[in-house]
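Structure file coords-v1.pdb with PDB, C-alpha atoms, pLDDT in the B column:
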ATOM      1  CA  MET A   1       0.000   0.000   0.000  1.00 54.00           C
ATOM      2  CA  LYS A   2       2.823   2.421   0.851  1.00 54.00           C
ATOM      3  CA  MET A   3       4.451   1.814  -2.527  1.00 49.00           C
ATOM      4  CA  ARG A   4       1.133   2.605  -4.240  1.00 53.00           C
ATOM      5  CA  ILE A   5       0.825   5.810  -2.229  1.00 51.00           C
ATOM      6  CA  TYR A   6       4.416   6.701  -3.127  1.00 47.00           C
ATOM      7  CA  PHE A   7       3.748   6.203  -6.843  1.00 48.00           C
ATOM      8  CA  VAL A   8       0.493   8.170  -6.646  1.00 44.00           C
ATOM      9  CA  CYS A   9       2.380  11.079  -4.994  1.00 48.00           C
ATOM     10  CA  ILE A  10       5.094  10.916  -7.671  1.00 50.00           C
ATOM     11  CA  GLY A  11       2.435  10.807 -10.401  1.00 47.00           C
ATOM     12  CA  ALA A  12       0.673  13.785  -8.850  1.00 46.00           C
ATOM     13  CA  LEU A  13       3.954  15.721  -8.739  1.00 47.00           C
ATOM     14  CA  LEU A  14       4.682  14.975 -12.381  1.00 48.00           C
ATOM     15  CA  ALA A  15       1.167  15.996 -13.390  1.00 45.00           C
ATOM     16  CA  ILE A  16       1.407  19.204 -11.366  1.00 53.00           C
ATOM     17  CA  GLY A  17       4.806  20.020 -12.857  1.00 51.00           C
ATOM     18  CA  THR A  18       3.544  19.465 -16.381  1.00 49.00           C
ATOM     19  CA  LEU A  19       0.415  21.506 -15.724  1.00 45.00           C
ATOM     20  CA  MET A  20       2.422  24.346 -14.160  1.00 50.00           C
ATOM     21  CA  GLY A  21       4.721  24.399 -17.184  1.00 51.00           C
ATOM     22  CA  VAL A  22       1.816  24.497 -19.618  1.00 43.00           C
ATOM     23  CA  LEU A  23       0.012  27.182 -17.626  1.00 44.00           C
ATOM     24  CA  ALA A  24       3.158  29.266 -17.196  1.00 49.00           C
ATOM     25  CA  ASN A  25       3.709  29.319 -20.943  1.00 48.00           C
ATOM     26  CA  ALA A  26       0.060  29.705 -21.967  1.00 43.00           C
ATOM     27  CA  ALA A  27      -1.524  31.835 -19.273  1.00 45.00           C
ATOM     28  CA  PRO A  28      -1.710  35.610 -19.525  1.00 44.00           C
ATOM     29  CA  PRO A  29      -0.125  37.658 -16.700  1.00 46.00           C
ATOM     30  CA  LYS A  30      -3.511  38.138 -15.013  1.00 47.00           C
ATOM     31  CA  GLY A  31      -5.952  35.254 -15.151  1.00 52.00           C
ATOM     32  CA  GLU A  32      -9.686  35.130 -14.582  1.00 49.00           C
ATOM     33  CA  ASP A  33      -9.191  33.380 -11.254  1.00 57.00           C
ATOM     34  CA  GLY A  34      -7.184  36.267  -9.782  1.00 68.00           C
ATOM     35  CA  GLU A  35      -3.714  34.923 -10.569  1.00 84.00           C
ATOM     36  CA  LYS A  36      -1.274  37.770 -11.132  1.00 92.00           C
ATOM     37  CA  GLU A  37       2.335  38.086 -12.134  1.00 94.00           C
ATOM     38  CA  ARG A  38       4.484  41.192 -12.219  1.00 97.00           C
ATOM     39  CA  VAL A  39       8.144  42.119 -12.419  1.00 97.00           C
ATOM     40  CA  VAL A  40       9.374  43.726  -9.197  1.00 98.00           C
ATOM     41  CA  LYS A  41      12.533  45.438  -7.992  1.00 98.00           C
ATOM     42  CA  GLU A  42      14.855  43.651  -5.593  1.00 97.00           C
ATOM     43  CA  SER A  43      13.848  46.163  -2.921  1.00 97.00           C
ATOM     44  CA  GLU A  44      10.206  45.000  -3.216  1.00 98.00           C
ATOM     45  CA  VAL A  45      11.021  41.372  -2.392  1.00 98.00           C
ATOM     46  CA  PRO A  46      10.494  40.524   1.310  1.00 98.00           C
ATOM     47  CA  ALA A  47      13.738  39.917   3.210  1.00 98.00           C
ATOM     48  CA  ALA A  48      13.070  36.208   3.831  1.00 98.00           C
ATOM     49  CA  ALA A  49      12.244  35.553   0.163  1.00 98.00           C
ATOM     50  CA  LEU A  50      15.208  37.615  -1.048  1.00 98.00           C
ATOM     51  CA  GLY A  51      17.595  35.804   1.290  1.00 98.00           C
ATOM     52  CA  ALA A  52      16.359  32.415   0.074  1.00 98.00           C
ATOM     53  CA  LEU A  53      16.673  33.411  -3.594  1.00 98.00           C
ATOM     54  CA  LYS A  54      20.196  34.802  -3.106  1.00 97.00           C
ATOM     55  CA  LYS A  55      21.249  31.641  -1.294  1.00 97.00           C
ATOM     56  CA  LEU A  56      19.867  29.508  -4.133  1.00 97.00           C
ATOM     57  CA  ALA A  57      21.635  31.681  -6.732  1.00 97.00           C
ATOM     58  CA  GLY A  58      24.918  30.967  -4.943  1.00 95.00           C
ATOM     59  CA  GLY A  59      26.612  34.251  -5.807  1.00 93.00           C
ATOM     60  CA  ALA A  60      25.210  34.539  -9.345  1.00 96.00           C
ATOM     61  CA  LYS A  61      23.581  37.893 -10.109  1.00 96.00           C
ATOM     62  CA  ILE A  62      19.799  37.631 -10.065  1.00 98.00           C
ATOM     63  CA  ALA A  63      18.746  39.321 -13.298  1.00 97.00           C
ATOM     64  CA  LYS A  64      14.979  39.442 -12.723  1.00 97.00           C
ATOM     65  CA  PHE A  65      12.542  39.266  -9.827  1.00 98.00           C
ATOM     66  CA  GLU A  66       8.824  38.551 -10.134  1.00 98.00           C
ATOM     67  CA  GLU A  67       5.941  38.541  -7.702  1.00 98.00           C
ATOM     68  CA  GLU A  68       3.246  35.973  -8.427  1.00 96.00           C
ATOM     69  CA  ILE A  69      -0.101  35.363  -6.799  1.00 95.00           C
ATOM     70  CA  GLU A  70      -1.482  31.869  -7.354  1.00 92.00           C
ATOM     71  CA  HIS A  71      -4.249  30.060  -5.494  1.00 88.00           C
ATOM     72  CA  GLY A  72      -4.418  33.016  -3.113  1.00 90.00           C
ATOM     73  CA  SER A  73      -0.744  32.663  -2.091  1.00 92.00           C
ATOM     74  CA  LYS A  74       2.064  35.103  -2.873  1.00 96.00           C
ATOM     75  CA  PHE A  75       5.339  33.818  -4.345  1.00 97.00           C
ATOM     76  CA  TYR A  76       8.585  35.438  -5.450  1.00 98.00           C
ATOM     77  CA  GLU A  77      10.708  34.222  -8.315  1.00 98.00           C
ATOM     78  CA  GLY A  78      14.309  34.999  -9.157  1.00 98.00           C
ATOM     79  CA  GLU A  79      16.073  34.309 -12.455  1.00 98.00           C
ATOM     80  CA  TRP A  80      19.827  34.030 -13.059  1.00 97.00           C
ATOM     81  CA  MET A  81      22.319  32.396 -15.420  1.00 96.00           C
ATOM     82  CA  VAL A  82      24.343  29.297 -14.524  1.00 91.00           C
ATOM     83  CA  ASP A  83      26.779  27.557 -16.884  1.00 85.00           C
ATOM     84  CA  GLY A  84      25.255  29.361 -19.874  1.00 84.00           C
ATOM     85  CA  GLY A  85      21.693  28.347 -19.025  1.00 89.00           C
ATOM     86  CA  LYS A  86      18.808  30.043 -17.272  1.00 95.00           C
ATOM     87  CA  LYS A  87      17.839  28.997 -13.759  1.00 97.00           C
ATOM     88  CA  GLU A  88      14.786  30.166 -11.814  1.00 98.00           C
ATOM     89  CA  ALA A  89      13.582  29.548  -8.288  1.00 98.00           C
ATOM     90  CA  ARG A  90      10.207  30.249  -6.722  1.00 97.00           C
ATOM     91  CA  VAL A  91       9.839  30.786  -2.984  1.00 98.00           C
ATOM     92  CA  THR A  92       7.040  31.812  -0.652  1.00 96.00           C
ATOM     93  CA  GLU A  93       7.101  35.291   0.859  1.00 95.00           C
ATOM     94  CA  HIS A  94       8.524  33.588   3.971  1.00 96.00           C
ATOM     95  CA  GLY A  95      11.446  32.130   1.984  1.00 97.00           C
ATOM     96  CA  ASP A  96      10.257  28.521   1.694  1.00 97.00           C
ATOM     97  CA  LEU A  97      11.413  26.869  -1.540  1.00 97.00           C
ATOM     98  CA  VAL A  98       8.542  25.896  -3.857  1.00 97.00           C
ATOM     99  CA  GLU A  99      10.158  25.115  -7.202  1.00 97.00           C
ATOM    100  CA  ILE A 100      13.407  25.250  -9.160  1.00 97.00           C
ATOM    101  CA  GLU A 101      13.533  25.369 -12.965  1.00 97.00           C
ATOM    102  CA  GLU A 102      16.702  25.118 -14.996  1.00 96.00           C
ATOM    103  CA  SER A 103      17.418  24.946 -18.694  1.00 94.00           C
ATOM    104  CA  VAL A 104      19.152  21.727 -19.684  1.00 93.00           C
ATOM    105  CA  SER A 105      20.597  20.563 -22.967  1.00 92.00           C
ATOM    106  CA  GLU A 106      19.312  17.525 -24.796  1.00 91.00           C
ATOM    107  CA  ALA A 107      22.610  15.792 -24.007  1.00 92.00           C
ATOM    108  CA  ALA A 108      22.075  16.375 -20.265  1.00 92.00           C
ATOM    109  CA  SER A 109      18.456  15.179 -20.378  1.00 94.00           C
ATOM    110  CA  PRO A 110      17.321  11.575 -19.984  1.00 96.00           C
ATOM    111  CA  LYS A 111      17.168   9.848 -23.363  1.00 95.00           C
ATOM    112  CA  SER A 112      13.545   8.859 -22.701  1.00 96.00           C
ATOM    113  CA  VAL A 113      12.590  12.531 -22.203  1.00 95.00           C
ATOM    114  CA  VAL A 114      14.259  13.570 -25.455  1.00 93.00           C
ATOM    115  CA  ALA A 115      12.678  10.662 -27.344  1.00 93.00           C
ATOM    116  CA  ALA A 116       9.201  11.447 -26.002  1.00 94.00           C
ATOM    117  CA  ALA A 117       9.632  15.165 -26.739  1.00 94.00           C
ATOM    118  CA  ARG A 118      10.780  14.429 -30.298  1.00 92.00           C
ATOM    119  CA  LYS A 119       7.841  12.066 -30.812  1.00 93.00           C
ATOM    120  CA  MET A 120       5.327  14.679 -29.583  1.00 95.00           C
ATOM    121  CA  ALA A 121       6.921  17.716 -31.248  1.00 94.00           C
ATOM    122  CA  GLY A 122       8.040  16.045 -34.457  1.00 89.00           C
ATOM    123  CA  ASP A 123      11.591  15.333 -35.555  1.00 76.00           C
ATOM    124  CA  GLY A 124      12.157  18.741 -37.152  1.00 85.00           C
ATOM    125  CA  ALA A 125      10.876  20.824 -34.227  1.00 92.00           C
ATOM    126  CA  ALA A 126      13.241  22.829 -32.053  1.00 92.00           C
ATOM    127  CA  ILE A 127      12.710  21.860 -28.438  1.00 94.00           C
ATOM    128  CA  GLN A 128      13.790  23.515 -25.200  1.00 94.00           C
ATOM    129  CA  ILE A 129      14.051  21.405 -22.084  1.00 94.00           C
ATOM    130  CA  GLU A 130      13.704  22.640 -18.520  1.00 95.00           C
ATOM    131  CA  LYS A 131      14.210  20.462 -15.489  1.00 95.00           C
ATOM    132  CA  LYS A 132      11.707  21.254 -12.733  1.00 96.00           C
ATOM    133  CA  THR A 133      12.106  20.337  -9.105  1.00 95.00           C
ATOM    134  CA  LEU A 134       8.877  20.734  -7.124  1.00 93.00           C
ATOM    135  CA  ILE A 135       8.839  20.693  -3.350  1.00 95.00           C
ATOM    136  CA  VAL A 136       6.078  18.699  -1.680  1.00 94.00           C
ATOM    137  CA  TYR A 137       5.874  17.573   1.931  1.00 95.00           C
ATOM    138  CA  GLU A 138       4.415  14.203   2.854  1.00 95.00           C
ATOM    139  CA  VAL A 139       2.577  14.220   6.185  1.00 95.00           C
ATOM    140  CA  LYS A 140       1.474  11.026   7.923  1.00 95.00           C
ATOM    141  CA  PHE A 141      -1.127  10.834  10.678  1.00 94.00           C
ATOM    142  CA  GLU A 142      -3.881   8.633  12.068  1.00 94.00           C
ATOM    143  CA  ILE A 143      -7.584   9.403  12.497  1.00 93.00           C
ATOM    144  CA  GLN A 144      -9.963   6.891  14.071  1.00 93.00           C
ATOM    145  CA  GLY A 145      -7.640   3.965  13.435  1.00 93.00           C
ATOM    146  CA  LYS A 146      -6.941   4.828   9.798  1.00 94.00           C
ATOM    147  CA  ARG A 147      -3.497   5.940   8.704  1.00 94.00           C
ATOM    148  CA  HIS A 148      -3.410   8.864   6.324  1.00 92.00           C
ATOM    149  CA  GLU A 149      -0.697  10.285   4.115  1.00 93.00           C
ATOM    150  CA  ILE A 150      -1.129  13.667   2.530  1.00 94.00           C
ATOM    151  CA  CYS A 151       1.156  15.628   0.222  1.00 94.00           C
ATOM    152  CA  LEU A 152       1.239  19.383   0.855  1.00 94.00           C
ATOM    153  CA  THR A 153       2.835  22.206  -1.101  1.00 93.00           C
ATOM    154  CA  PRO A 154       4.886  24.808   0.813  1.00 93.00           C
ATOM    155  CA  ASP A 155       1.868  27.157   0.786  1.00 91.00           C
ATOM    156  CA  GLY A 156      -0.266  24.476   2.479  1.00 91.00           C
ATOM    157  CA  ARG A 157      -2.346  23.190  -0.452  1.00 90.00           C
ATOM    158  CA  ALA A 158      -3.143  19.458  -0.408  1.00 91.00           C
ATOM    159  CA  GLN A 159      -1.990  17.506  -3.444  1.00 83.00           C
ATOM    160  CA  HIS A 160      -3.069  14.015  -2.385  1.00 70.00           C
ATOM    161  CA  ASP A 161      -4.743  12.273   0.542  1.00 68.00           C
ATOM    162  CA  GLU A 162      -4.690   8.516   1.011  1.00 70.00           C
ATOM    163  CA  ALA A 163      -6.206   6.532   3.870  1.00 67.00           C
ATOM    164  CA  GLU A 164      -5.293   2.944   4.548  1.00 65.00           C
ATOM    165  CA  ASN A 165      -6.872   0.392   6.849  1.00 56.00           C
ATOM    166  CA  ASP A 166      -4.891  -1.126   9.712  1.00 49.00           C
ATOM    167  CA  ASP A 167      -6.143  -4.621   8.834  1.00 48.00           C
ATOM    168  CA  GLU A 168      -4.212  -4.783   5.553  1.00 47.00           C
ATOM    169  CA  ASP A 169      -1.458  -7.370   5.277  1.00 45.00           C
ATOM    170  CA  GLY A 170       1.311  -4.712   5.354  1.00 44.00           C
ATOM    171  CA  ALA A 171       3.347  -6.552   2.736  1.00 45.00           C
ATOM    172  CA  ASP A 172       4.700  -3.298   1.382  1.00 46.00           C
ATOM    173  CA  GLU A 173       5.571  -1.727   4.750  1.00 46.00           C
ATOM    174  CA  ASP A 174       8.976  -0.077   5.048  1.00 44.00           C
TER     175      ASP A 174
END

How does the structure come out when it is put into structure tokens?
Amino acid sequence: MKMRIYFVCIGALLAIGTLMGVLANAAPPKGEDGEKERVVKESEVPAAALGALKKLAGGAKIAKFEEEIEHGSKFYEGEWMVDGGKKEARVTEHGDLVEIEESVSEAASPKSVVAAARKMAGDGAAIQIEKKTLIVYEVKFEIQGKRHEICLTPDGRAQHDEAENDDEDGADED
């Protein structure tokens, strides 16, 4: 059961990452559901968020800052160059890491990713690959004899909830 929960969480993360990538490229700066995005000055970024972004940049100059409001939560994003490629990080206003995106070459990408991208885009299409790392916290607890596992984003949104019965055989226990 735990392995199934693990794979469901991984699947949810992949789906969320894909959806976020599609929405980020397709959505206008201000959506109908109140989502907003705007470029801000470094001085407008809260100290905790700025400190986290600078730490993640590791001495690289952050070229662009953005403030984003999604799902009612405020995030800050920084963009900088590393090894000739673009890297971005998104943090909460309190400095909690939410996501890292970095440009990667085809040679540095898994062969299965490149093959799938080529199949979907067509052999002649120019493709750009970004590696996304999403942060999700798995929380385990028990309510009325049932164990629960829930995946939460750094802004507290639930991504998955799974309950399991105590009378299961436990064959996949850690």

Item to check | Separation of CA of Val82 in chain A from CA of Val136 in chain A, in Å and rounded to one decimal | outcome: 24.7 Å

Checklist entry - What lies within 6 Å of Ile69 in chain A using only C-alpha atoms, ignoring chain neighbours under 3 positions off, as a PyMOL selection string? => result chain A and resi 35-36+73-74

Checklist entry - Can you list what the PyMOL selection byres ((chain A and resi 149-158) around 8) grabs from this structure, as a ChimeraX atom specification? => result /A:5,9,73,92,96-98,135-141,147-148,159-163

Next on the checklist: I need the output of the PyMOL selection byres ((chain A and resi 84) around 12) for this file as a list of chain:residue names; which residues are they?
Outcome noted: A:Ala60, A:Trp80, A:Met81, A:Val82, A:Asp83, A:Gly85, A:Lys86, A:Lys87, A:Glu102, A:Ser103, A:Val104, A:Ser105

Next on the checklist: Running the PyMOL selection byres ((chain A and resi 116-130) around 12) on this model by hand, what would come out? Give it as a PyMOL selection string.
Outcome noted: chain A and resi 17-18+21+85-88+100-115+131-133

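Here CA of Lys64 in chain A is placed at a distance of 16.0 Å from CA of Ala47 in chain A.
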
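As for CA of Tyr76 in chain A and CA of Val45 in chain A, they are spaced 7.1 Å apart.
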